[in-house]
file structure-v7.txt (compact mmCIF, C-alpha atoms)
# COMPACT_ATOMS: atom_id res chain seq x y z
CA MET A 1 257.69 98.50 21.63
CA SER A 2 257.30 94.77 22.29
CA ASP A 3 260.17 92.37 21.51
CA ASN A 4 258.39 91.12 18.39
CA ALA A 5 257.61 94.62 17.15
CA GLU A 6 261.21 95.66 17.81
CA ILE A 7 262.62 92.73 15.88
CA ASP A 8 260.13 93.27 13.03
CA TYR A 9 261.23 96.90 12.83
CA LEU A 10 264.93 95.92 12.74
CA LEU A 11 264.31 93.30 10.06
CA GLU A 12 262.34 95.80 7.98
CA GLU A 13 264.62 98.82 8.34
CA VAL A 14 268.14 97.74 9.31
CA ILE A 15 268.91 94.05 8.91
CA THR A 16 268.52 91.76 5.94
CA LEU A 17 268.73 88.18 7.12
CA PRO A 18 271.06 86.20 4.87
CA SER A 19 269.46 83.70 2.51
CA MET A 20 270.19 80.03 2.85
CA SER A 21 271.51 78.19 -0.17
CA GLN A 22 268.69 77.05 -2.46
CA THR A 23 270.21 73.58 -2.42
CA VAL A 24 269.77 73.34 1.35
CA MET A 25 266.23 74.75 1.17
CA HIS A 26 265.35 72.22 -1.53
CA LEU A 27 267.00 69.44 0.48
CA THR A 28 264.92 70.37 3.52
CA GLU A 29 261.76 70.08 1.41
CA MET A 30 262.93 66.74 0.05
CA MET A 31 263.36 65.41 3.60
CA ASN A 32 259.58 65.67 4.02
CA ASP A 33 258.95 63.54 0.93
CA PRO A 34 258.72 59.87 1.92
CA GLU A 35 259.30 58.86 -1.72
CA VAL A 36 262.66 60.63 -2.01
CA SER A 37 265.54 58.38 -3.08
CA LEU A 38 269.20 58.46 -2.08
CA ALA A 39 270.05 59.09 -5.74
CA ASP A 40 267.78 62.17 -5.88
CA VAL A 41 269.47 63.62 -2.81
CA GLY A 42 272.95 62.91 -4.17
CA LYS A 43 272.04 64.50 -7.50
CA LEU A 44 270.67 67.63 -5.86
CA ILE A 45 273.77 68.21 -3.69
CA SER A 46 276.11 67.49 -6.61
CA SER A 47 274.34 70.18 -8.64
CA ASP A 48 275.99 72.75 -6.32
CA PRO A 49 279.70 71.93 -6.78
CA SER A 50 281.03 74.40 -4.20
CA LEU A 51 278.65 73.16 -1.51
CA ALA A 52 279.24 69.53 -2.49
CA LEU A 53 283.00 69.99 -2.19
CA LYS A 54 282.75 71.66 1.21
CA THR A 55 280.36 68.92 2.38
CA LEU A 56 282.83 66.24 1.33
CA ARG A 57 285.64 68.00 3.18
CA ILE A 58 283.51 68.01 6.34
CA VAL A 59 282.49 64.37 5.82
CA ASN A 60 286.17 63.42 5.57
CA SER A 61 287.31 65.54 8.52
CA ALA A 62 288.56 63.80 11.65
CA PHE A 63 285.41 65.03 13.42
CA HIS A 64 283.37 62.37 11.64
CA GLY A 65 285.98 59.68 12.10
CA LEU A 66 285.08 57.65 9.01
CA ARG A 67 287.39 54.75 8.21
CA GLU A 68 287.19 55.25 4.46
CA THR A 69 287.58 58.39 2.38
CA VAL A 70 284.31 59.49 0.84
CA THR A 71 284.86 60.68 -2.69
CA SER A 72 281.37 61.56 -3.90
CA VAL A 73 278.19 62.97 -2.44
CA GLU A 74 276.31 59.89 -3.61
CA HIS A 75 278.77 57.75 -1.65
CA ALA A 76 278.25 59.96 1.43
CA VAL A 77 274.47 59.64 1.19
CA THR A 78 274.66 55.86 0.86
CA LEU A 79 277.14 55.56 3.73
CA LEU A 80 275.63 58.03 6.18
CA GLY A 81 271.98 58.32 5.20
CA ILE A 82 269.95 61.30 4.06
CA LYS A 83 269.47 62.96 7.45
CA VAL A 84 273.14 62.96 8.39
CA VAL A 85 274.18 64.25 4.98
CA ARG A 86 271.52 66.94 5.12
CA ASN A 87 273.04 68.14 8.41
CA LEU A 88 276.50 68.11 6.85
CA VAL A 89 275.29 70.13 3.87
CA LEU A 90 273.62 72.55 6.26
CA THR A 91 276.90 72.83 8.20
CA ALA A 92 278.78 73.54 4.95
CA ALA A 93 276.23 76.20 4.01
CA VAL A 94 276.42 77.81 7.46
CA PHE A 95 280.23 77.85 7.20
CA ASP A 96 279.81 79.84 3.99
CA GLN A 97 277.71 82.39 5.90
CA PHE A 98 280.38 82.61 8.61
CA GLN A 99 283.18 83.44 6.18
CA ASN A 100 283.40 87.10 7.12
CA GLY A 101 282.74 86.46 10.79
CA GLU A 102 285.17 86.83 13.66
CA GLU A 103 287.35 83.74 14.16
CA ALA A 104 286.92 83.67 17.95
CA LEU A 105 283.14 83.61 17.55
CA LEU A 106 283.38 80.90 14.89
CA ARG A 107 285.65 78.86 17.18
CA HIS A 108 283.13 79.25 20.02
CA SER A 109 280.25 78.22 17.76
CA VAL A 110 282.07 75.13 16.43
CA SER A 111 283.14 74.21 19.99
CA CYS A 112 279.57 74.53 21.16
CA GLY A 113 278.54 72.21 18.32
CA VAL A 114 281.15 69.71 19.45
CA ALA A 115 279.90 69.99 23.06
CA MET A 116 276.29 69.52 21.94
CA ARG A 117 277.18 66.39 20.01
CA ALA A 118 279.18 65.08 22.99
CA LEU A 119 276.21 65.70 25.29
CA GLY A 120 273.94 63.83 22.88
CA GLU A 121 276.29 60.92 22.16
CA SER A 122 277.24 60.23 25.76
CA GLY A 123 273.65 59.46 26.73
CA VAL A 124 273.85 61.46 29.96
CA ALA A 125 270.75 63.57 29.27
CA THR A 126 268.53 60.89 30.78
CA ASN A 127 265.37 63.02 30.75
CA MET A 128 265.62 63.60 27.00
CA THR A 129 265.10 61.42 23.95
CA ILE A 130 267.92 62.20 21.55
CA LYS A 131 267.49 60.24 18.34
CA GLN A 132 270.22 61.87 16.28
CA PRO A 133 273.12 63.21 18.37
CA ASP A 134 275.00 64.42 15.28
CA GLU A 135 272.09 66.75 14.53
CA LEU A 136 272.91 68.62 17.74
CA PHE A 137 276.16 69.90 16.22
CA VAL A 138 274.15 72.35 14.13
CA TYR A 139 272.40 73.65 17.27
CA GLY A 140 275.73 74.67 18.74
CA LEU A 141 277.01 75.98 15.44
CA LEU A 142 274.04 78.31 15.05
CA HIS A 143 273.24 79.33 18.63
CA ASP A 144 275.09 82.67 18.39
CA VAL A 145 274.46 83.38 14.71
CA GLY A 146 272.48 86.46 15.77
CA LYS A 147 275.76 88.00 16.97
CA ILE A 148 277.25 87.66 13.49
CA ILE A 149 274.24 89.42 12.01
CA PHE A 150 274.56 92.24 14.56
CA GLN A 151 278.27 92.56 13.73
CA GLU A 152 277.53 92.82 10.04
CA TYR A 153 274.54 95.16 10.06
CA MET A 154 274.93 97.16 13.28
CA PRO A 155 278.69 97.33 13.89
CA THR A 156 278.58 100.57 15.89
CA GLU A 157 275.74 99.46 18.15
CA TYR A 158 277.25 96.00 18.53
CA GLY A 159 280.61 97.54 19.38
CA GLU A 160 278.86 99.32 22.25
CA VAL A 161 277.34 96.00 23.35
CA ARG A 162 280.78 94.36 23.33
CA GLU A 163 282.24 97.22 25.32
CA ARG A 164 279.41 97.02 27.86
CA CYS A 165 280.00 93.27 28.26
CA SER A 166 283.79 93.32 28.32
CA SER A 167 283.91 93.62 32.13
CA GLY A 168 282.16 90.24 32.32
CA GLU A 169 279.45 91.67 34.56
CA ILE A 170 276.57 91.57 32.08
CA SER A 171 275.63 88.92 29.55
CA SER A 172 275.56 89.96 25.92
CA TYR A 173 271.89 89.07 25.50
CA LEU A 174 270.92 91.49 28.29
CA ALA A 175 273.19 94.23 26.95
CA GLU A 176 271.78 93.70 23.43
CA THR A 177 268.24 94.06 24.74
CA GLU A 178 269.25 97.19 26.63
CA LEU A 179 271.15 98.87 23.80
CA ILE A 180 269.55 97.47 20.61
CA GLY A 181 266.14 96.32 21.85
CA VAL A 182 266.56 92.74 20.60
CA ASP A 183 268.96 89.99 21.64
CA HIS A 184 271.03 87.65 19.46
CA ALA A 185 268.97 84.63 20.54
CA ALA A 186 265.71 86.10 19.19
CA LEU A 187 267.44 87.24 16.00
CA GLY A 188 269.08 83.83 15.49
CA ALA A 189 265.73 82.11 15.97
CA ARG A 190 264.20 84.32 13.27
CA LEU A 191 266.99 83.27 10.93
CA ALA A 192 266.35 79.59 11.71
CA VAL A 193 262.69 80.08 10.82
CA LYS A 194 263.62 81.89 7.59
CA TRP A 195 265.92 79.02 6.68
CA LYS A 196 263.06 76.58 7.38
CA LEU A 197 265.08 74.76 10.04
CA SER A 198 263.22 72.68 12.61
CA ASP A 199 260.98 74.24 15.27
CA ALA A 200 263.11 72.50 17.87
CA LEU A 201 266.27 74.22 16.63
CA ALA A 202 264.63 77.65 16.35
CA ASN A 203 263.21 77.31 19.88
CA ALA A 204 266.50 76.09 21.32
CA ILE A 205 268.32 79.09 19.85
CA GLN A 206 265.63 81.47 21.09
CA GLY A 207 265.69 80.06 24.61
CA HIS A 208 269.34 79.24 25.17
CA HIS A 209 269.82 82.09 27.67
CA ASP A 210 266.25 82.16 29.01
CA PHE A 211 264.19 79.00 28.61
CA SER A 212 260.96 80.97 29.06
CA GLN A 213 261.65 82.52 25.64
CA CYS A 214 260.96 79.17 23.92
CA GLU A 215 257.65 79.56 22.14
CA ALA A 216 256.79 75.93 22.87
CA ALA A 217 257.50 74.46 26.32
CA GLU A 218 258.29 71.07 24.75
CA TYR A 219 261.58 72.48 23.44
CA ARG A 220 262.86 73.84 26.74
CA ASP A 221 265.01 70.76 27.32
CA GLN A 222 266.87 71.42 24.06
CA ALA A 223 267.39 75.06 25.02
CA ALA A 224 268.71 73.81 28.37
CA LEU A 225 271.13 71.44 26.63
CA LEU A 226 272.39 74.34 24.52
CA CYS A 227 272.80 76.46 27.64
CA ILE A 228 274.91 73.70 29.24
CA ALA A 229 277.04 73.31 26.08
CA ASP A 230 277.58 77.08 26.03
CA TYR A 231 278.69 76.95 29.68
CA ILE A 232 281.14 74.11 28.96
CA CYS A 233 282.72 76.19 26.20
CA HIS A 234 283.09 79.24 28.43
CA SER A 235 284.61 77.15 31.19
CA ALA A 236 287.02 75.47 28.75
CA GLY A 237 288.32 78.85 27.56
CA LEU A 238 286.39 78.65 24.28
CA ALA A 239 284.03 81.49 25.14
CA SER A 240 282.15 83.81 22.88
CA PRO A 241 284.37 86.92 22.78
CA ASP A 242 283.59 89.71 25.24
CA ASP A 243 280.78 87.91 26.98
CA ALA A 244 280.04 87.08 30.59
CA THR A 245 279.96 83.46 31.76
CA PRO A 246 276.47 82.16 30.95
CA VAL A 247 274.21 81.35 33.88
CA VAL A 248 272.91 77.77 33.94
CA PRO A 249 269.61 77.76 35.85
CA GLU A 250 268.93 74.79 38.16
CA GLU A 251 266.05 73.96 35.81
CA ALA A 252 268.56 73.03 33.08
CA TRP A 253 269.78 70.02 35.04
CA GLU A 254 266.22 68.95 35.84
CA LEU A 255 265.07 69.30 32.23
CA THR A 256 267.99 67.33 30.82
CA GLY A 257 268.64 64.86 33.65
CA ILE A 258 272.39 65.52 33.48
CA THR A 259 274.25 65.03 36.77
CA SER A 260 277.73 66.01 37.94
CA ALA A 261 279.00 62.47 37.38
CA GLY A 262 277.49 62.54 33.88
CA ILE A 263 279.61 65.56 33.01
CA LEU A 264 282.85 63.56 33.08
CA PRO A 265 282.39 61.49 29.87
CA VAL A 266 281.02 64.54 28.08
CA LEU A 267 284.09 66.61 28.85
CA GLU A 268 286.38 63.73 27.88
CA LYS A 269 284.72 63.71 24.47
CA VAL A 270 284.96 67.49 24.16
CA PHE A 271 288.64 67.61 25.18
CA SER A 272 289.57 64.82 22.78
CA SER A 273 287.74 66.61 19.93
CA LEU A 274 289.68 69.84 20.19
CA GLY A 275 291.79 68.99 17.15
CA ASP A 276 288.56 68.54 15.24
CA VAL A 277 287.50 72.06 16.26
CA ASP A 278 290.67 73.48 14.70
CA GLU A 279 290.11 71.49 11.51
CA LEU A 280 286.47 72.56 11.25
CA VAL A 281 287.31 76.22 11.92
CA GLU A 282 289.88 76.02 9.15
CA LEU A 283 287.31 74.49 6.82
CA ALA A 284 284.90 77.31 7.57
CA SER A 285 287.39 80.14 7.10
CA MET B 286 283.91 79.58 40.38
CA LYS B 287 286.56 81.93 41.79
CA TRP B 288 290.12 80.69 41.47
CA SER B 289 293.34 81.68 43.18
CA THR B 290 296.85 80.23 43.38
CA GLN B 291 298.74 78.99 46.42
CA GLY B 292 302.19 77.71 45.57
CA ASN B 293 301.76 75.14 42.80
CA ALA B 294 298.10 74.58 43.62
CA VAL B 295 295.13 76.32 42.05
CA ILE B 296 292.24 76.64 44.46
CA GLY B 297 288.57 77.28 43.78
CA THR B 298 285.86 77.96 46.33
CA LEU B 299 282.62 76.01 46.07
CA THR B 300 279.46 74.98 47.86
CA LEU B 301 278.54 71.30 47.86
CA THR B 302 275.01 70.15 47.10
CA ASP B 303 274.47 69.57 50.84
CA GLY B 304 275.23 73.21 51.52
CA ARG B 305 278.72 72.77 53.01
CA GLY B 306 281.43 75.11 51.83
CA GLY B 307 284.71 73.75 50.55
CA ASN B 308 287.54 74.06 48.09
CA ALA B 309 288.62 72.39 44.90
CA VAL B 310 292.39 72.04 44.84
CA ILE B 311 294.09 71.31 41.52
CA MET B 312 297.68 70.15 41.57
CA GLY B 313 298.10 67.90 38.55
CA ALA B 314 296.61 66.17 35.54
CA ALA B 315 293.43 64.08 35.49
CA SER B 316 295.56 60.94 34.99
CA ASN B 317 296.76 61.41 38.60
CA PRO B 318 293.93 60.45 41.02
CA LYS B 319 295.17 63.15 43.38
CA GLY B 320 295.57 65.71 40.58
CA ALA B 321 292.40 67.39 41.83
CA VAL B 322 290.76 67.00 45.22
CA ILE B 323 287.80 68.38 47.11
CA VAL B 324 288.52 69.64 50.61
CA VAL B 325 285.63 70.11 53.09
CA LYS B 326 285.43 70.42 56.83
CA ASN B 327 284.16 67.34 58.63
CA GLU B 328 280.90 68.37 60.30
CA ASP B 329 281.68 66.58 63.58
CA SER B 330 285.42 66.98 64.07
CA GLY B 331 285.87 70.24 62.17
CA GLU B 332 288.97 68.69 60.60
CA PRO B 333 289.51 69.09 56.84
CA GLU B 334 288.54 66.03 54.80
CA THR B 335 290.08 65.40 51.40
CA LEU B 336 288.37 63.48 48.63
CA PRO B 337 289.73 62.77 45.13
CA LEU B 338 287.65 64.73 42.62
CA ILE B 339 286.33 61.64 40.84
CA GLU B 340 284.99 60.22 44.13
CA GLY B 341 283.46 63.54 45.11
CA LEU B 342 281.77 64.42 41.82
CA ASP B 343 278.30 63.46 43.05
CA ALA B 344 278.59 65.95 45.89
CA LEU B 345 279.25 68.83 43.49
CA ASN B 346 276.88 71.06 41.61
CA PRO B 347 277.23 70.24 37.90
CA THR B 348 278.52 73.70 36.99
CA ASP B 349 281.26 73.37 39.64
CA ALA B 350 282.15 69.92 38.25
CA ILE B 351 282.49 71.47 34.78
CA ASP B 352 284.60 74.34 36.11
CA ILE B 353 287.01 72.06 37.99
CA LEU B 354 287.43 69.50 35.20
CA CYS B 355 287.93 72.25 32.60
CA MET B 356 290.40 74.13 34.79
CA GLN B 357 292.37 70.93 35.40
CA GLU B 358 292.54 70.26 31.67
CA ARG B 359 293.50 73.87 30.92
CA LEU B 360 296.28 73.79 33.48
CA HIS B 361 297.63 70.27 33.13
CA GLY B 362 296.04 68.65 30.06
CA GLU B 363 297.83 68.04 26.81
CA ARG B 364 294.93 68.40 24.42
CA GLY B 365 295.35 72.02 23.48
CA LEU B 366 293.06 73.97 25.80
CA THR B 367 294.28 77.50 26.47
CA PRO B 368 295.57 78.05 30.03
CA PRO B 369 293.76 80.81 31.93
CA THR B 370 295.44 84.20 31.74
CA ASP B 371 293.92 85.68 34.89
CA LEU B 372 295.55 83.49 37.53

call {"tool": "encode", "arguments": {"input": "structure-v7.txt", "output": "structure tokens"}}
result
Amino acid sequence: MSDNAEIDYLLEEVITLPSMSQTVMHLTEMMNDPEVSLADVGKLISSDPSLALKTLRIVNSAFHGLRETVTSVEHAVTLLGIKVVRNLVLTAAVFDQFQNGEEALLRHSVSCGVAMRALGESGVATNMTIKQPDELFVYGLLHDVGKIIFQEYMPTEYGEVRERCSSGEISSYLAETELIGVDHAALGARLAVKWKLSDALANAIQGHHDFSQCEAAEYRDQAALLCIADYICHSAGLASPDDATPVVPEEAWELTGITSAGILPVLEKVFSSLGDVDELVELAS
Amino acid sequence: MKWSTQGNAVIGTLTLTDGRGGNAVIMGAASNPKGAVIVVKNEDSGEPETLPLIEGLDALNPTDAIDILCMQERLHGERGLTPPTDL
């Protein structure tokens, strides 16, 4: 059975991918409308009080470092712009999906988001054009979402994967392919497509362990960036539980343009954001 | 990178981008310029040469640079990273 057929079978018979909040789906559609107003966006988010509240808590977290407290979604949209707020709403919605997930995996995912944003903000990826570094946080947050789905729908099989990986000799994505037939990267990419997230994000998730898995070569650099962020987290002791250290192919450095000297400011940003990780993990739990 | 301890120092083995083998030696925090050094054999004299990490970063593979800087922060930093349990 090919990878695609295997994943289609799993999605038909075993796994139901979680639905994204209608508010986020509607917001994503609105983003494509050039006529959309800040007021329309604010009104839409405010119509979902729980999501609006969580979004405001994230906006006001230390991670975003705003000087003033934002008290309404409309205020957030005016202050930060539609795209940034859309990413914050998406983060809030993803946190809702994580609620029953394992804390260590959530901590790894948030840390990877922090590392992605640090990589984007520090300007060290000289071979890439990164227009919105804060958008990269969601890449890190979602890169291992496939593992959460496995844990929820295939706990026995995923327990076997974890056991196989616990020695640190085999990466989870290889063990998943061996024991389940599909890896968490492919499953996570399917979820990103279902949630109508960008092609770049879906491809980066799909290719973060093996860039050749990106359906479009133009997104390999983003998969490479995610691979590097994942490595940073493992090295910093913020690893995905029971997983081997990810391998960063030489190609990752060529695709991104990141050098050894460039790593220093990135890690400084990551280390100084650790308190933010704790706060965000708390917000998600 | 494989790490071991020798007295108060934590030592990792590495290969520089020019192919030479060496060690990363961590003894203190990043605020101390000698908190982490790279030790390699001089090609001509065979004597060990020591370089502060920051000056030697360009000679490292990026994954080794990440490993050393993270290990230094985990061992001597004050920003909440968990120290390694397997040393």

call {"tool": "residues_around", "arguments": {"input": "structure-v7.txt", "residues": "His184 in chain A", "least_positions_apart": "6", "cutoff": "7 Å", "atoms": "all atoms listed in the file", "output": "PyMOL selection string"}}
result
chain A and resi 144+146-147+173

call {"tool": "residues_around", "arguments": {"input": "structure-v7.txt", "residues": "range 339-343 of chain B", "least_positions_apart": "5", "cutoff": "9 Å", "atoms": "all atoms listed in the file", "output": "NGL selection string"}}
result
(:A and (259-261 or 264)) or (:B and (302 or 318 or 321-323 or 350))

call {"tool": "residues_around", "arguments": {"input": "structure-v7.txt", "residues": "Gly292 in chain B", "least_positions_apart": "5", "cutoff": "12 Å", "atoms": "only C-alpha atoms", "output": "ChimeraX atom specification"}}
result
/B:310-312,372

call {"tool": "closest_atom_pairs", "arguments": {"input": "structure-v7.txt", "of": "chain A", "to": "chain B", "cutoff": "9 Å", "atoms": "all atoms listed in the file", "output": "Markdown table"}}
result
| residue | atom | partner | partner_atom | distance |
| --- | --- | --- | --- | --- |
| A:Ile228 | CA | B:Thr348 | CA | 8.5 |
| A:Tyr231 | CA | B:Thr348 | CA | 8.0 |
| A:Ile232 | CA | B:Ile351 | CA | 6.5 |
| A:Ser235 | CA | B:Asp352 | CA | 5.7 |
| A:Ala236 | CA | B:Cys355 | CA | 5.1 |
| A:Gly237 | CA | B:Thr367 | CA | 6.2 |
| A:Leu238 | CA | B:Thr367 | CA | 8.3 |
| A:Val248 | CA | B:Thr348 | CA | 7.6 |
| A:Trp253 | CA | B:Pro347 | CA | 8.0 |
| A:Ile258 | CA | B:Pro347 | CA | 8.1 |
| A:Thr259 | CA | B:Pro347 | CA | 6.1 |
| A:Ser260 | CA | B:Pro347 | CA | 4.3 |
| A:Ala261 | CA | B:Leu342 | CA | 5.6 |
| A:Gly262 | CA | B:Pro347 | CA | 8.7 |
| A:Ile263 | CA | B:Ile351 | CA | 6.8 |
| A:Leu264 | CA | B:Leu354 | CA | 7.8 |
| A:Leu267 | CA | B:Leu354 | CA | 7.7 |
| A:Phe271 | CA | B:Arg364 | CA | 6.4 |
| A:Ser272 | CA | B:Arg364 | CA | 6.7 |
| A:Ser273 | CA | B:Arg364 | CA | 8.7 |
| A:Leu274 | CA | B:Arg364 | CA | 6.9 |
| A:Gly275 | CA | B:Gly365 | CA | 7.9 |

call {"tool": "residues_around", "arguments": {"input": "structure-v7.txt", "residues": "Asp221 in chain A", "least_positions_apart": "4", "cutoff": "9 Å", "atoms": "all atoms listed in the file", "output": "PDB file with C-alpha atoms, in the coordinates of the input"}}
result
ATOM      1  CA  ASN A 127     265.370  63.020  30.750  1.00  0.00           C
ATOM      2  CA  MET A 128     265.620  63.600  27.000  1.00  0.00           C
ATOM      3  CA  ALA A 204     266.500  76.090  21.320  1.00  0.00           C
ATOM      4  CA  PHE A 211     264.190  79.000  28.610  1.00  0.00           C
ATOM      5  CA  ALA A 217     257.500  74.460  26.320  1.00  0.00           C
ATOM      6  CA  LEU A 225     271.130  71.440  26.630  1.00  0.00           C
ATOM      7  CA  LEU A 226     272.390  74.340  24.520  1.00  0.00           C
ATOM      8  CA  ALA A 252     268.560  73.030  33.080  1.00  0.00           C
ATOM      9  CA  GLU A 254     266.220  68.950  35.840  1.00  0.00           C
ATOM     10  CA  LEU A 255     265.070  69.300  32.230  1.00  0.00           C
ATOM     11  CA  THR A 256     267.990  67.330  30.820  1.00  0.00           C
TER      12      THR A 256
END

call {"tool": "atom_distance", "arguments": {"input": "structure-v7.txt", "atom1": "CA of Ile15 in chain A", "atom2": "CA of Tyr153 in chain A"}}
result
5.9 Å

call {"tool": "residues_around", "arguments": {"input": "structure-v7.txt", "residues": "Arg57 in chain A", "least_positions_apart": "2", "cutoff": "10 Å", "atoms": "all atoms listed in the file", "output": "list in words"}}
result
Leu51, Ala52, Leu53, Lys54, Thr55, Val59, Asn60, Ser61, Ala62, Thr69, Val70, Thr71, Leu88, Ala92, Leu280 and Leu283 of chain A

call {"tool": "write_last_selection", "arguments": {"input": "structure-v7.txt", "atoms": "C-alpha atoms", "output": "PDB file, in the frame of the given file"}}
result
ATOM      1  CA  LEU A  51     278.650  73.160  -1.510  1.00  0.00           C
ATOM      2  CA  ALA A  52     279.240  69.530  -2.490  1.00  0.00           C
ATOM      3  CA  LEU A  53     283.000  69.990  -2.190  1.00  0.00           C
ATOM      4  CA  LYS A  54     282.750  71.660   1.210  1.00  0.00           C
ATOM      5  CA  THR A  55     280.360  68.920   2.380  1.00  0.00           C
ATOM      6  CA  VAL A  59     282.490  64.370   5.820  1.00  0.00           C
ATOM      7  CA  ASN A  60     286.170  63.420   5.570  1.00  0.00           C
ATOM      8  CA  SER A  61     287.310  65.540   8.520  1.00  0.00           C
ATOM      9  CA  ALA A  62     288.560  63.800  11.650  1.00  0.00           C
ATOM     10  CA  THR A  69     287.580  58.390   2.380  1.00  0.00           C
ATOM     11  CA  VAL A  70     284.310  59.490   0.840  1.00  0.00           C
ATOM     12  CA  THR A  71     284.860  60.680  -2.690  1.00  0.00           C
ATOM     13  CA  LEU A  88     276.500  68.110   6.850  1.00  0.00           C
ATOM     14  CA  ALA A  92     278.780  73.540   4.950  1.00  0.00           C
ATOM     15  CA  LEU A 280     286.470  72.560  11.250  1.00  0.00           C
ATOM     16  CA  LEU A 283     287.310  74.490   6.820  1.00  0.00           C
TER      17      LEU A 283
END

call {"tool": "atom_distance", "arguments": {"input": "structure-v7.txt", "atom1": "CA of Gln151 in chain A", "atom2": "CA of Val138 in chain A"}}
result
20.6 Å

call {"tool": "atom_distance", "arguments": {"input": "structure-v7.txt", "atom1": "CA of Val295 in chain B", "atom2": "CA of Ala315 in chain B"}}
result
14.0 Å

call {"tool": "closest_residue", "arguments": {"input": "structure-v7.txt", "among": "B:Lys326, B:Lys287, B:Ala294, B:Leu336", "to": "Gly313 in chain B", "atoms": "all atoms listed in the file"}}
result
B:Ala294

call {"tool": "residues_near_point", "arguments": {"input": "structure-v7.txt", "point": "(278.0, 67.7, -2.8)", "cutoff": "12 Å", "atoms": "all atoms listed in the file", "output": "PyMOL selection string"}}
result
chain A and resi 23-24+27+41-59+70-77+85-86+88-90+92-93

call {"tool": "write_last_selection", "arguments": {"input": "structure-v7.txt", "atoms": "C-alpha atoms", "output": "short mmCIF file (atom, residue, chain, number, x, y, z; two decimals), in the frame of the given file"}}
result
data_model
loop_
_atom_site.label_atom_id
_atom_site.label_comp_id
_atom_site.auth_asym_id
_atom_site.auth_seq_id
_atom_site.Cartn_x
_atom_site.Cartn_y
_atom_site.Cartn_z
CA THR A 23 270.21 73.58 -2.42
CA VAL A 24 269.77 73.34 1.35
CA LEU A 27 267.00 69.44 0.48
CA VAL A 41 269.47 63.62 -2.81
CA GLY A 42 272.95 62.91 -4.17
CA LYS A 43 272.04 64.50 -7.50
CA LEU A 44 270.67 67.63 -5.86
CA ILE A 45 273.77 68.21 -3.69
CA SER A 46 276.11 67.49 -6.61
CA SER A 47 274.34 70.18 -8.64
CA ASP A 48 275.99 72.75 -6.32
CA PRO A 49 279.70 71.93 -6.78
CA SER A 50 281.03 74.40 -4.20
CA LEU A 51 278.65 73.16 -1.51
CA ALA A 52 279.24 69.53 -2.49
CA LEU A 53 283.00 69.99 -2.19
CA LYS A 54 282.75 71.66 1.21
CA THR A 55 280.36 68.92 2.38
CA LEU A 56 282.83 66.24 1.33
CA ARG A 57 285.64 68.00 3.18
CA ILE A 58 283.51 68.01 6.34
CA VAL A 59 282.49 64.37 5.82
CA VAL A 70 284.31 59.49 0.84
CA THR A 71 284.86 60.68 -2.69
CA SER A 72 281.37 61.56 -3.90
CA VAL A 73 278.19 62.97 -2.44
CA GLU A 74 276.31 59.89 -3.61
CA HIS A 75 278.77 57.75 -1.65
CA ALA A 76 278.25 59.96 1.43
CA VAL A 77 274.47 59.64 1.19
CA VAL A 85 274.18 64.25 4.98
CA ARG A 86 271.52 66.94 5.12
CA LEU A 88 276.50 68.11 6.85
CA VAL A 89 275.29 70.13 3.87
CA LEU A 90 273.62 72.55 6.26
CA ALA A 92 278.78 73.54 4.95
CA ALA A 93 276.23 76.20 4.01
#
